[in-house]
Every structure is written in structure tokens, then in C-alpha cells.
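See structure below.
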Amino acid sequence: MKDHTGRRRRSLPLRMRPRVSWAKQQPTWQAARPALIAGALKRAAARPSGNWYVIGASRDIGSGPRPFGRTVGGVEIVAWRTETGELRAGPGACPHLGAPLRDSRVVCGTVVCHWHGLSLDGGPFAGWEPFPAHDDGVLAWVRLDALGGETPLDRPVVPRRPERGAVDAVFTAVGRCEPEDIVANRLDPWHGSWFHPYSFVDLTVVSVPEGPQGDDGADTDDGFVVDVSFKVAGRLVVPVRAAFTAPEPRTVVMHITGGEGVGSIVETHATPLGTDGRGVPRTAVVEAVVATSDRPGFVGARAVAPALRPLMRWAAGRLWRDDLAYAERRRQLRSSGRFPG
Ligand code: FES
Ligand SMILES: [Fe+2]
């Protein structure tokens, strides 16, 4: 097939699969041993985060006049950019009389409080101490040492991403659960084609983690490898191989290691927000899809090839509506002592 420029196009790796009814799939519950998931979760929890928390997509913090506000672990945060585009962050209450700085204005890279005009350029001022901030090009992070309580790291643990020609999309949702419930959902790949039959079919878990192999327990082989097909339309599917790892306690990464979009990743970050009025924890899922392809022409904005759309949709709301229901259910069972794991 040739495109409009007359160049030859590689055909998409679409496969037509016979229709199999949902109930006739191979059950996965025997393989999805609770102890296996719990072990992977425990090892993830033991890895260092250096007290870094994802606060949102880099592009959500623009250079316009509106600061960005987010509460992490009950800590109110304001973030903005300097005139040269650097990320700045600090406590979200004005050090004068406590105005919410998220509602203030950024003027020439400085936050100017809308109550009485106090200016913060990102350096310490009148008891206001900035938080270390990091922009990795896709996501924005802040370091909250008092909240994390770990040994601080200079930089967050950012997963290895595709190097060239990548397109990213970031999706955020909030659930009534804790970060570990989000991570536990992601470390259960067996639910894919049962719980999300509209997106996935033919899911096979190829290998499961054997446990830590290095002294620090952080070997990247400590993950799940899954063969799965993304549903495109009707009986058309795109088969891929994906590896799931947890590089730090609040992050699970899916690398596409075979099939269409090799090198693409989906990063799921769980950021604790705090508790609501009834003491129920709330957690934000910030999911970044960084997609790439070795197809000619996969550069720039027109890069989202039809075959990659299912991958980009991995981050879409429908999946996370269901996955948050899973995570919220897990949190409910844990808090009432009924969790079976
Ligand atoms: S509360 Fe911000 S300047 Fe007064
Ligand atoms: Fe899921």
C-alpha cells in the first residue's frame, strides 16, 4: 500500500481473530496467586523513591499567569515556571496570611499573592521554603522529605523512555484508595482480558518475577511479561508483548518489548493526595503514555499512527474507571480486615 506521497507503507500488524465469548476464555485466577502479587508489591515498596512525587504533566504547568496547585499527602503545593521555563514549587499557602497561592498570579516568573501582593521568586522568603522540583520533560515532580521520610535523592527515579520521535499523553484520575492499591492493580496483569474485554484479548502471562536477584532487590528483571492483543475494531487486534516493572514504590511501568510500538511505555504513577472529610484516603493516578514506532515518518505531531492509538488508549478513562474500582475495592477490603491476600 502507498500513502499520498507515493511512498510505500508497511501494512499494520493487524490480525483478525475468531470471536471467542468472554466466558469461554481460559480462567487466570489459578495463575494470579495473591502471594505472587503481594511479593512484587512488597519489593516495589522497598525500593527508594528519594521522596519524589509526581504532581502532574509537565505541560499542565505552563508559562502563563496561572500557577498550578496540587495537594500531596495533605501538603498544599504551588508550582509555576520562571521566565526561562524552569519549574519552581513550594508550600501553597502565602507566608503572610495564608492566601491560596494556586489562585494567585505569575508575573515575570514570580508568584504575586492576590491578597496583598507579596512576591515569591522560588527562593526562601519569610518562612516560606521551596520544595525541590524536577521536570523530566513529560511529568513534573516535587520532593517532599517530611512526607516521604526516606533518604532524599537528587533526582526522581524516572523510567527509561523512548529516545527519539516519541509522542506522549498524560491522563489523570483520582480514586478513594492508597498508592499501594493502584500499584497492586498494575501488578496483577491477569485481570486484563477478563476485566477489560473491550480493550484486551488473548492475554497470556509469559513470565512472573522470581523475586529480587541483586543485593539491592532492584533488578529490572523483577517483572511480569505479558503477551496481549489490543482490540482495534471488531475482530481486528494488534498483538504486543509487554513487560511490567515497578522501579519505585509508587510507579509501575509497562514497556512494549515486542510487536507494534516496541520501545513505547506506559508509566502509572500513584500520588497520595491526603484524606477526605471522612478519613478516606485519596490517590491520584497520573499515567503517561510515551509512544514510539520504527515506522518511517513517526516523527512530530502526525506521529500517532492508527496502530498506536490502542496503545495511547491504554491511558484512557474507561480503563481507569474500572481499575480505580478494583483499587478502591482492594482498599475497602484492607481497611475492613477482609482482604484475602
Ligand atoms: S496573604 Fe499573601 S500577601 Fe497577604
Ligand atoms: Fe486494568
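Note on naming: chains are A, B, ... as they come in the C-alpha cells, residues start from 1 per chain, ligands start from 1 in the order shown.
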
Go through chain A residue by residue and, counting only C-alpha atoms and all ligand atoms, keep those with an atom at most 12 Å from ligand 2; for each kept residue give the shortest atom pair and its distance in Å to one decimal, ordered by chain and increasing number, as CSV.
residue,atom,partner,partner_atom_place_in_ligand_line,distance
A:Asp181,CA,ligand 2,1 (Fe),12.0
A:Ile182,CA,ligand 2,1 (Fe),9.7
A:Val183,CA,ligand 2,1 (Fe),10.7
A:Ala184,CA,ligand 2,1 (Fe),10.3
A:Asn185,CA,ligand 2,1 (Fe),6.6
A:Arg186,CA,ligand 2,1 (Fe),6.6
A:Leu187,CA,ligand 2,1 (Fe),9.4
A:Asp188,CA,ligand 2,1 (Fe),8.0
A:Pro189,CA,ligand 2,1 (Fe),7.3
A:Trp190,CA,ligand 2,1 (Fe),8.9
A:His191,CA,ligand 2,1 (Fe),6.4
A:Gly192,CA,ligand 2,1 (Fe),5.5
A:Ser193,CA,ligand 2,1 (Fe),8.8
A:Trp194,CA,ligand 2,1 (Fe),9.4
A:Phe195,CA,ligand 2,1 (Fe),6.9
A:His196,CA,ligand 2,1 (Fe),6.6
A:Pro197,CA,ligand 2,1 (Fe),10.2
A:Tyr198,CA,ligand 2,1 (Fe),11.4
A:Ser199,CA,ligand 2,1 (Fe),9.8
A:Phe200,CA,ligand 2,1 (Fe),9.7
A:Met254,CA,ligand 2,1 (Fe),12.0
A:Thr268,CA,ligand 2,1 (Fe),11.1
A:Trp314,CA,ligand 2,1 (Fe),9.1
A:Ala315,CA,ligand 2,1 (Fe),10.1
A:Ala316,CA,ligand 2,1 (Fe),11.1
A:Gly317,CA,ligand 2,1 (Fe),11.2
A:Arg318,CA,ligand 2,1 (Fe),9.8
A:Leu319,CA,ligand 2,1 (Fe),6.1
A:Trp320,CA,ligand 2,1 (Fe),7.0
A:Arg321,CA,ligand 2,1 (Fe),9.2
A:Asp322,CA,ligand 2,1 (Fe),6.9
A:Asp323,CA,ligand 2,1 (Fe),4.9
A:Leu324,CA,ligand 2,1 (Fe),8.6
A:Ala325,CA,ligand 2,1 (Fe),9.8
A:Tyr326,CA,ligand 2,1 (Fe),8.2
A:Ala327,CA,ligand 2,1 (Fe),9.7

Those residues with N, CA, C and O atoms, as a compact mmCIF listing (two decimals), in the first residue's frame please?
# COMPACT_ATOMS: atom_id res chain seq x y z
N ASP A 181 -2.71 0.41 46.45
CA ASP A 181 -3.84 -0.25 45.78
C ASP A 181 -3.74 -0.07 44.26
O ASP A 181 -4.09 -0.97 43.50
N ILE A 182 -3.27 1.10 43.84
CA ILE A 182 -3.06 1.36 42.41
C ILE A 182 -1.94 0.45 41.89
O ILE A 182 -2.05 -0.17 40.83
N VAL A 183 -0.86 0.38 42.66
CA VAL A 183 0.30 -0.43 42.24
C VAL A 183 -0.08 -1.91 42.20
O VAL A 183 0.28 -2.63 41.27
N ALA A 184 -0.85 -2.35 43.20
CA ALA A 184 -1.27 -3.76 43.23
C ALA A 184 -2.14 -4.11 42.02
O ALA A 184 -2.03 -5.20 41.46
N ASN A 185 -2.98 -3.18 41.60
CA ASN A 185 -3.80 -3.42 40.41
C ASN A 185 -2.90 -3.62 39.19
O ASN A 185 -3.12 -4.51 38.37
N ARG A 186 -1.87 -2.78 39.09
CA ARG A 186 -0.97 -2.87 37.95
C ARG A 186 -0.09 -4.11 38.00
O ARG A 186 0.40 -4.57 36.97
N LEU A 187 0.15 -4.62 39.20
CA LEU A 187 0.98 -5.82 39.33
C LEU A 187 0.13 -7.10 39.24
O LEU A 187 0.61 -8.18 39.56
N ASP A 188 -1.10 -6.95 38.84
CA ASP A 188 -1.97 -8.09 38.53
C ASP A 188 -2.31 -8.03 37.04
O ASP A 188 -3.37 -7.53 36.66
N PRO A 189 -1.40 -8.50 36.18
CA PRO A 189 -1.69 -8.43 34.74
C PRO A 189 -2.77 -9.42 34.31
O PRO A 189 -3.32 -9.29 33.23
N TRP A 190 -3.09 -10.38 35.16
CA TRP A 190 -4.02 -11.44 34.78
C TRP A 190 -5.45 -10.94 34.60
O TRP A 190 -6.28 -11.62 34.02
N HIS A 191 -5.75 -9.76 35.12
CA HIS A 191 -7.14 -9.32 35.03
C HIS A 191 -7.46 -8.71 33.65
O HIS A 191 -8.63 -8.49 33.34
N GLY A 192 -6.39 -8.46 32.84
CA GLY A 192 -6.55 -7.69 31.60
C GLY A 192 -7.72 -8.08 30.71
O GLY A 192 -8.62 -7.27 30.47
N SER A 193 -7.73 -9.33 30.21
CA SER A 193 -8.76 -9.65 29.22
C SER A 193 -10.09 -10.05 29.87
O SER A 193 -11.12 -10.06 29.21
N TRP A 194 -10.06 -10.35 31.18
CA TRP A 194 -11.33 -10.61 31.88
C TRP A 194 -12.02 -9.31 32.26
O TRP A 194 -13.20 -9.13 32.01
N PHE A 195 -11.25 -8.40 32.85
CA PHE A 195 -11.85 -7.18 33.40
C PHE A 195 -11.99 -6.08 32.35
O PHE A 195 -12.82 -5.19 32.49
N HIS A 196 -11.14 -6.12 31.32
CA HIS A 196 -11.19 -5.10 30.26
C HIS A 196 -11.39 -5.78 28.90
O HIS A 196 -10.57 -5.58 27.99
N PRO A 197 -12.45 -6.54 28.73
CA PRO A 197 -12.61 -7.28 27.47
C PRO A 197 -12.82 -6.37 26.27
O PRO A 197 -12.61 -6.78 25.14
N TYR A 198 -13.20 -5.12 26.51
CA TYR A 198 -13.39 -4.16 25.42
C TYR A 198 -12.05 -3.70 24.83
O TYR A 198 -12.00 -3.16 23.75
N SER A 199 -10.95 -3.89 25.58
CA SER A 199 -9.64 -3.44 25.11
C SER A 199 -8.66 -4.56 24.82
O SER A 199 -7.79 -4.43 23.96
N PHE A 200 -8.72 -5.63 25.60
CA PHE A 200 -7.69 -6.66 25.51
C PHE A 200 -8.29 -8.04 25.28
O PHE A 200 -9.33 -8.38 25.84
N MET A 254 5.00 -0.14 32.07
CA MET A 254 4.81 -1.19 31.08
C MET A 254 5.64 -0.82 29.86
O MET A 254 5.41 0.23 29.24
N THR A 268 2.59 4.33 35.09
CA THR A 268 1.49 4.62 36.01
C THR A 268 2.09 5.10 37.32
O THR A 268 2.86 4.37 37.96
N TRP A 314 -4.63 3.01 26.11
CA TRP A 314 -4.38 2.30 27.36
C TRP A 314 -4.60 3.25 28.53
O TRP A 314 -5.03 2.89 29.61
N ALA A 315 -4.28 4.50 28.27
CA ALA A 315 -4.39 5.52 29.31
C ALA A 315 -5.78 6.13 29.40
O ALA A 315 -6.01 7.00 30.21
N ALA A 316 -6.68 5.67 28.59
CA ALA A 316 -7.97 6.37 28.52
C ALA A 316 -8.84 6.08 29.74
O ALA A 316 -8.62 5.13 30.49
N GLY A 317 -9.83 6.94 29.88
CA GLY A 317 -10.65 6.90 31.08
C GLY A 317 -11.37 5.60 31.34
O GLY A 317 -11.55 5.22 32.48
N ARG A 318 -11.75 4.90 30.30
CA ARG A 318 -12.56 3.70 30.52
C ARG A 318 -11.78 2.65 31.31
O ARG A 318 -12.31 2.05 32.24
N LEU A 319 -10.52 2.46 30.94
CA LEU A 319 -9.70 1.51 31.67
C LEU A 319 -9.53 1.92 33.11
O LEU A 319 -9.64 1.11 34.02
N TRP A 320 -9.26 3.20 33.31
CA TRP A 320 -9.00 3.62 34.68
C TRP A 320 -10.27 3.72 35.54
O TRP A 320 -10.21 3.61 36.74
N ARG A 321 -11.40 3.87 34.88
CA ARG A 321 -12.63 3.81 35.67
C ARG A 321 -12.75 2.43 36.30
O ARG A 321 -13.05 2.27 37.47
N ASP A 322 -12.48 1.41 35.51
CA ASP A 322 -12.54 0.04 36.04
C ASP A 322 -11.39 -0.23 37.01
O ASP A 322 -11.58 -0.85 38.06
N ASP A 323 -10.19 0.19 36.64
CA ASP A 323 -9.05 -0.10 37.51
C ASP A 323 -9.13 0.64 38.84
O ASP A 323 -8.69 0.13 39.87
N LEU A 324 -9.72 1.84 38.82
CA LEU A 324 -9.92 2.53 40.11
C LEU A 324 -10.96 1.79 40.95
O LEU A 324 -10.84 1.74 42.18
N ALA A 325 -11.97 1.22 40.31
CA ALA A 325 -12.96 0.44 41.07
C ALA A 325 -12.27 -0.76 41.73
O ALA A 325 -12.55 -1.10 42.89
N TYR A 326 -11.34 -1.39 41.02
CA TYR A 326 -10.55 -2.51 41.56
C TYR A 326 -9.72 -2.02 42.76
O TYR A 326 -9.73 -2.63 43.83
N ALA A 327 -9.01 -0.89 42.57
CA ALA A 327 -8.14 -0.36 43.63
C ALA A 327 -8.97 0.08 44.84
O ALA A 327 -8.58 -0.17 45.99

Using only C-alpha atoms, which protein or nucleic acid residues come within 8 Å of segment 221-226 of chain A? Drop anything in the same chain fewer than 5 positions from it, and give the result as a list in words.
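Skipping anything fewer than 5 positions along the chain leaves Ala40, Leu187, Pro189, Leu203, Thr204, Val205, Val206, Ser207, Val208, Pro209, Glu210, Gly211, Pro212, Gln213, Arg241, Ala242, Ala243, Phe244, Thr245 and Ala246 of chain A.
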
Produce a file of the selected residues containing all heavy atoms, as a CSV table (one decimal), in the first residue's frame.
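The result, stored in part.csv:
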chain,number,residue,atom,x,y,z
A,40,ALA,N,5.6,-9.0,44.8
A,40,ALA,CA,6.0,-8.0,43.9
A,40,ALA,C,5.7,-6.6,44.5
A,40,ALA,O,6.6,-5.7,44.3
A,40,ALA,CB,5.3,-8.1,42.5
A,187,LEU,N,0.1,-4.6,39.2
A,187,LEU,CA,1.0,-5.8,39.3
A,187,LEU,C,0.1,-7.1,39.2
A,187,LEU,O,0.6,-8.2,39.6
A,187,LEU,CB,1.8,-5.8,40.6
A,187,LEU,CG,2.8,-4.6,40.7
A,187,LEU,CD1,3.5,-4.6,42.0
A,187,LEU,CD2,3.9,-4.8,39.6
A,189,PRO,N,-1.4,-8.5,36.2
A,189,PRO,CA,-1.7,-8.4,34.7
A,189,PRO,C,-2.8,-9.4,34.3
A,189,PRO,O,-3.3,-9.3,33.2
A,189,PRO,CB,-0.3,-8.8,34.1
A,189,PRO,CG,0.4,-9.6,35.1
A,189,PRO,CD,-0.1,-9.1,36.5
A,203,LEU,N,-4.9,-12.7,26.4
A,203,LEU,CA,-3.8,-12.3,27.3
A,203,LEU,C,-3.1,-13.5,28.0
A,203,LEU,O,-3.8,-14.4,28.5
A,203,LEU,CB,-4.3,-11.4,28.4
A,203,LEU,CG,-3.3,-10.8,29.4
A,203,LEU,CD1,-3.7,-9.4,29.8
A,203,LEU,CD2,-3.0,-11.7,30.6
A,204,THR,N,-1.8,-13.6,27.8
A,204,THR,CA,-1.1,-14.7,28.4
A,204,THR,C,0.1,-14.1,29.2
A,204,THR,O,0.8,-13.3,28.7
A,204,THR,CB,-0.5,-15.6,27.3
A,204,THR,OG1,-1.5,-16.0,26.4
A,204,THR,CG2,0.2,-16.8,27.9
A,205,VAL,N,0.2,-14.5,30.5
A,205,VAL,CA,1.3,-14.1,31.3
A,205,VAL,C,2.5,-15.1,31.0
A,205,VAL,O,2.4,-16.2,31.3
A,205,VAL,CB,1.0,-14.1,32.8
A,205,VAL,CG1,2.2,-13.7,33.6
A,205,VAL,CG2,-0.2,-13.1,33.0
A,206,VAL,N,3.5,-14.5,30.3
A,206,VAL,CA,4.6,-15.4,29.9
A,206,VAL,C,5.6,-15.7,31.0
A,206,VAL,O,6.1,-16.8,31.1
A,206,VAL,CB,5.3,-14.6,28.7
A,206,VAL,CG1,6.5,-15.4,28.2
A,206,VAL,CG2,4.4,-14.3,27.6
A,207,SER,N,5.9,-14.7,31.8
A,207,SER,CA,6.8,-15.0,32.9
A,207,SER,C,6.4,-14.1,34.1
A,207,SER,O,5.9,-13.0,33.9
A,207,SER,CB,8.3,-14.8,32.6
A,207,SER,OG,8.5,-13.5,32.3
A,208,VAL,N,6.7,-14.5,35.3
A,208,VAL,CA,6.4,-13.8,36.5
A,208,VAL,C,7.7,-13.6,37.3
A,208,VAL,O,8.7,-14.3,37.0
A,208,VAL,CB,5.4,-14.5,37.4
A,208,VAL,CG1,4.1,-14.7,36.7
A,208,VAL,CG2,6.0,-15.9,37.9
A,209,PRO,N,7.8,-12.6,38.1
A,209,PRO,CA,9.0,-12.3,38.8
A,209,PRO,C,9.4,-13.4,39.8
A,209,PRO,O,8.6,-14.1,40.4
A,209,PRO,CB,8.7,-11.0,39.6
A,209,PRO,CG,7.3,-10.9,39.6
A,209,PRO,CD,6.7,-11.6,38.5
A,210,GLU,N,10.7,-13.7,39.8
A,210,GLU,CA,11.2,-14.7,40.7
A,210,GLU,C,11.6,-14.1,42.0
A,210,GLU,O,12.0,-14.8,42.9
A,210,GLU,CB,12.5,-15.3,40.1
A,210,GLU,CG,12.3,-15.9,38.7
A,210,GLU,CD,11.5,-17.1,38.7
A,210,GLU,OE1,11.4,-17.8,39.8
A,210,GLU,OE2,11.0,-17.5,37.6
A,211,GLY,N,11.5,-12.8,42.2
A,211,GLY,CA,12.0,-12.1,43.4
A,211,GLY,C,13.3,-11.4,43.1
A,211,GLY,O,13.8,-11.6,42.0
A,212,PRO,N,13.8,-10.7,44.1
A,212,PRO,CA,15.0,-9.9,43.8
A,212,PRO,C,16.2,-10.8,43.6
A,212,PRO,O,16.3,-11.8,44.2
A,212,PRO,CB,15.1,-9.1,45.1
A,212,PRO,CG,14.3,-9.9,46.1
A,212,PRO,CD,13.2,-10.5,45.4
A,213,GLN,N,17.0,-10.4,42.6
A,213,GLN,CA,18.1,-11.2,42.3
A,213,GLN,C,19.4,-10.5,42.6
A,213,GLN,O,20.5,-11.1,42.8
A,213,GLN,CB,18.1,-11.6,40.8
A,213,GLN,CG,17.2,-12.7,40.5
A,213,GLN,CD,16.5,-12.6,39.2
A,213,GLN,OE1,17.1,-12.1,38.2
A,213,GLN,NE2,15.3,-13.1,39.0
A,241,ARG,N,4.0,-7.7,23.0
A,241,ARG,CA,4.5,-8.3,24.2
A,241,ARG,C,4.8,-7.1,25.1
A,241,ARG,O,5.4,-6.1,24.7
A,241,ARG,CB,5.7,-9.1,23.9
A,241,ARG,CG,6.4,-9.6,25.2
A,241,ARG,CD,7.4,-10.7,25.0
A,241,ARG,NE,6.6,-12.0,24.8
A,241,ARG,CZ,7.1,-13.2,24.7
A,241,ARG,NH1,8.4,-13.3,24.9
A,241,ARG,NH2,6.4,-14.2,24.5
A,242,ALA,N,4.5,-7.2,26.4
A,242,ALA,CA,4.7,-6.1,27.3
A,242,ALA,C,5.3,-6.6,28.6
A,242,ALA,O,5.0,-7.7,29.1
A,242,ALA,CB,3.4,-5.4,27.7
A,243,ALA,N,6.2,-5.8,29.2
A,243,ALA,CA,6.9,-6.1,30.5
A,243,ALA,C,6.5,-5.1,31.5
A,243,ALA,O,6.6,-3.9,31.2
A,243,ALA,CB,8.4,-6.2,30.3
A,244,PHE,N,6.0,-5.6,32.6
A,244,PHE,CA,5.6,-4.7,33.7
A,244,PHE,C,6.7,-4.7,34.9
A,244,PHE,O,7.0,-5.8,35.3
A,244,PHE,CB,4.3,-5.1,34.4
A,244,PHE,CG,3.1,-4.9,33.4
A,244,PHE,CD1,2.8,-5.9,32.5
A,244,PHE,CD2,2.3,-3.8,33.6
A,244,PHE,CE1,1.7,-5.7,31.6
A,244,PHE,CE2,1.2,-3.7,32.8
A,244,PHE,CZ,0.9,-4.6,31.8
A,245,THR,N,7.2,-3.6,35.3
A,245,THR,CA,8.1,-3.5,36.4
A,245,THR,C,7.7,-2.3,37.3
A,245,THR,O,7.0,-1.4,36.9
A,245,THR,CB,9.6,-3.3,35.9
A,245,THR,OG1,9.6,-2.1,35.0
A,245,THR,CG2,10.1,-4.4,35.2
A,246,ALA,N,8.2,-2.4,38.5
A,246,ALA,CA,7.9,-1.3,39.5
A,246,ALA,C,9.3,-0.7,39.9
A,246,ALA,O,9.9,-1.3,40.9
A,246,ALA,CB,7.1,-1.8,40.7

Non-local contacts of Gly127 of chain A (10 Å; only C-alpha atoms; under 3 positions in same chain excluded) as number ranges by chain:
A: 94-96, 124, 130

When you count only C-alpha atoms, which of these residues is closest to Val20 of chain A: A:Val158, A:Val201, A:Val138, A:Ala169?
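Among A:Val158, A:Val201, A:Val138, A:Ala169, it is A:Val201 that comes nearest to Val20 of chain A.
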
Chain A near ligand 1 within 12 Å: what's each residue's closest atom pair and its distance in Å to one decimal, counting only C-alpha atoms and all ligand atoms, ordered by chain then ascending residue number, as CSV?
residue,atom,partner,partner_atom_place_in_ligand_line,distance
A:Gly92,CA,ligand 1,2 (Fe),10.6
A:Ala93,CA,ligand 1,2 (Fe),7.9
A:Cys94,CA,ligand 1,2 (Fe),4.6
A:Pro95,CA,ligand 1,2 (Fe),6.5
A:His96,CA,ligand 1,4 (Fe),4.6
A:Leu97,CA,ligand 1,1 (S),3.9
A:Gly98,CA,ligand 1,1 (S),5.0
A:Ala99,CA,ligand 1,1 (S),4.4
A:Pro100,CA,ligand 1,1 (S),8.0
A:Leu101,CA,ligand 1,2 (Fe),7.7
A:Arg102,CA,ligand 1,2 (Fe),11.3
A:Asp103,CA,ligand 1,2 (Fe),10.7
A:Ser104,CA,ligand 1,2 (Fe),8.7
A:Arg105,CA,ligand 1,2 (Fe),11.2
A:Val111,CA,ligand 1,2 (Fe),10.1
A:Val112,CA,ligand 1,3 (S),7.9
A:Cys113,CA,ligand 1,2 (Fe),4.6
A:His114,CA,ligand 1,2 (Fe),6.5
A:Trp115,CA,ligand 1,4 (Fe),4.9
A:His116,CA,ligand 1,3 (S),3.7
A:Gly117,CA,ligand 1,3 (S),4.9
A:Leu118,CA,ligand 1,3 (S),4.2
A:Ser119,CA,ligand 1,3 (S),7.8
A:Leu120,CA,ligand 1,2 (Fe),9.9
A:Phe125,CA,ligand 1,3 (S),11.9
A:Ala126,CA,ligand 1,3 (S),11.1
A:Trp128,CA,ligand 1,2 (Fe),11.3

Please return, as a list in words, all residues of segment 71-265 of chain A that DSSP assigns to alpha helix (DSSP H) on the basis of the backbone.
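Alpha helix (DSSP H) members of segment 71-265 of chain A, listed: Asp145, Ala146, Leu147, Gly148, Pro179, Glu180, Asp181, Ile182, Val183, Ala184, Asn185, Arg186, Gly192, Ser193, Trp194 and Phe195 of chain A.
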
For C-alpha atoms, I'd like the residues from the last selection saved as a PDB file, in the first residue's frame.
ATOM      1  CA  ASP A 145      11.124  14.935  52.522  1.00  0.00           C
ATOM      2  CA  ALA A 146       8.870  15.297  55.564  1.00  0.00           C
ATOM      3  CA  LEU A 147       6.141  13.262  53.864  1.00  0.00           C
ATOM      4  CA  GLY A 148       8.347  10.552  52.331  1.00  0.00           C
ATOM      5  CA  PRO A 179      -0.972   4.303  46.219  1.00  0.00           C
ATOM      6  CA  GLU A 180      -0.338   0.638  47.042  1.00  0.00           C
ATOM      7  CA  ASP A 181      -3.840  -0.249  45.781  1.00  0.00           C
ATOM      8  CA  ILE A 182      -3.057   1.357  42.410  1.00  0.00           C
ATOM      9  CA  VAL A 183       0.304  -0.426  42.236  1.00  0.00           C
ATOM     10  CA  ALA A 184      -1.275  -3.756  43.235  1.00  0.00           C
ATOM     11  CA  ASN A 185      -3.801  -3.415  40.407  1.00  0.00           C
ATOM     12  CA  ARG A 186      -0.971  -2.866  37.945  1.00  0.00           C
ATOM     13  CA  GLY A 192      -6.553  -7.691  31.598  1.00  0.00           C
ATOM     14  CA  SER A 193      -8.763  -9.649  29.220  1.00  0.00           C
ATOM     15  CA  TRP A 194     -11.326 -10.612  31.885  1.00  0.00           C
ATOM     16  CA  PHE A 195     -11.851  -7.185  33.401  1.00  0.00           C
TER      17      PHE A 195
END

Length of the atom CA of Pro281 of chain A to atom CA of Cys177 of chain A vector [Å]:
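Between atom CA of Pro281 of chain A and atom CA of Cys177 of chain A the gap works out to 5.4 Å.
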
Dump as a tab-separated table the rows for residues of segment 10-129 of chain A within 12 Å of segment 332-341 of chain A: closest atom pair and distance in Å with one decimal, only C-alpha atoms counted, ordered by chain and rising residue number.
residue	atom	partner	partner_atom	distance
A:Ala32	CA	A:Gly341	CA	11.1
A:Arg33	CA	A:Gly341	CA	8.8
A:Pro34	CA	A:Gly341	CA	5.2
A:Ala35	CA	A:Gly341	CA	6.6
A:Leu36	CA	A:Gly341	CA	9.6
A:Ile37	CA	A:Gly341	CA	8.6
A:Ala38	CA	A:Gly341	CA	7.1
A:Gly39	CA	A:Gly341	CA	10.4
A:Leu41	CA	A:Gly341	CA	11.4

Quick one: distance from atom CA of Arg66 of chain A to atom CA of Val106 of chain A in Å, one decimal?
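Pair atom CA of Arg66 of chain A / atom CA of Val106 of chain A returns 6.1 Å.
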
Top pick for closest residue to Gly56 of chain A, considering A:Glu248, A:Asp276, A:Asp136, A:Glu328 and counting only C-alpha atoms
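Counting only C-alpha atoms, the residue closest to Gly56 of chain A is A:Asp136.
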
Would you mind writing down, as an MDAnalysis selection string, each residue of segment 117-311 of chain A that DSSP on the backbone assigns to strand (DSSP E)?
chainID A and resid 119:120 133:135 139:143 167:175 200:207 224:233 236:248 251:259 265:275 281:291

Quote the spacing between atom CA of Leu87 of chain A and atom CA of Pro156 of chain A in Å to one decimal place.
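Between these atoms lies a distance of 14.3 Å.
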
I want to know what sits within 8 Å of Ala140 of chain A, based on only C-alpha atoms, with residues of the same chain fewer than 2 positions away left out; could you give that as a PyMOL selection string?
chain A and resi 54-58+133-138+142

Would you mind listing what lies within 7 Å of Gly90 of chain A as a PyMOL selection string, with only C-alpha atoms counted and same-chain residues fewer than 2 positions away left out?
chain A and resi 77-79+92+129-131

How would the residues just picked look written out with C-alpha atoms as a PDB file, in the first residue's frame?
ATOM      1  CA  ILE A  77       1.736  22.771  46.836  1.00  0.00           C
ATOM      2  CA  VAL A  78       2.003  25.580  44.333  1.00  0.00           C
ATOM      3  CA  ALA A  79       4.147  25.215  41.208  1.00  0.00           C
ATOM      4  CA  GLY A  92       0.700  26.521  48.627  1.00  0.00           C
ATOM      5  CA  GLU A 129      10.783  27.302  51.947  1.00  0.00           C
ATOM      6  CA  PRO A 130      10.695  25.959  48.376  1.00  0.00           C
ATOM      7  CA  PHE A 131      10.410  22.256  47.601  1.00  0.00           C
TER       8      PHE A 131
END
